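First comes the structure, then the notes that go with it.
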Amino acid sequence: MPYITSVEKRGIEHGKTEGLLEGIEIGLELKFGSEGLTVLPEIVQIQNVEILSAILTSIKTVNNLEELRQIYQ
C-alpha cells in the first residue's frame, strides 16, 4: 500500500465532502424542489463526512425539511 501524505489525505477528504454536498443538493432539489435548497447554506457549513453521508441517506426517508434538520442539528 503506498504512503499517503497528510496533504493527500486532506485532498481526499475535501473530494468526499464536495461529492456528498453535490449529492445532497441534487437530492434536496429533486425531493423538495427549490424549497429544499433553502437548507443548503446550513449543510454546506458541515465538514464531517459521516454527518453529510447521513444527511444524503436520510433525504430518501424524511417527509419534510424539519425532519432533515433534526439529523444534523
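Letters for chains follow the order of the C-alpha cells (A, B, ...), residue numbers begin at 1 for each chain, and ligand numbers begin at 1 in the order shown.
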Give me the residues within 10 Å of region 41-49 of chain A as a PyMOL selection string, counting only C-alpha atoms and dropping any in the same chain fewer than 5 places off.
chain A and resi 13-14+16-18+20-22+24-25+54-55+69+72-73
Which one of A:Ile51, A:Ile12, A:Leu65, A:Val7 sits closest to Lys31 (chain A) if you count only C-alpha atoms?
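Looking at the shortest contact to Lys31 (chain A), the residue is A:Leu65.
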For Ile59 (chain A), which residue out of A:Phe32, A:Thr38, A:Arg10, A:Gly19 is the nearest one, using only C-alpha atoms?
A:Phe32
From a DSSP calculation on the backbone, collect every residue of chain A in alpha helix (DSSP H) and output the set as JSON, numbers by chain.
{"A": [6, 7, 8, 9, 10, 11, 12, 13, 14, 15, 16, 17, 18, 19, 20, 21, 22, 23, 24, 25, 26, 27, 28, 29, 30, 31, 32, 40, 41, 42, 43, 44, 49, 50, 51, 52, 53, 54, 55, 56, 57, 58, 65, 66, 67, 68, 69, 70, 71, 72]}
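Here the question is which of A:Pro2, A:Glu66, A:Leu52, A:Glu8 gets nearest to Gly36 (chain A) using only C-alpha atoms, and that residue is A:Glu66.
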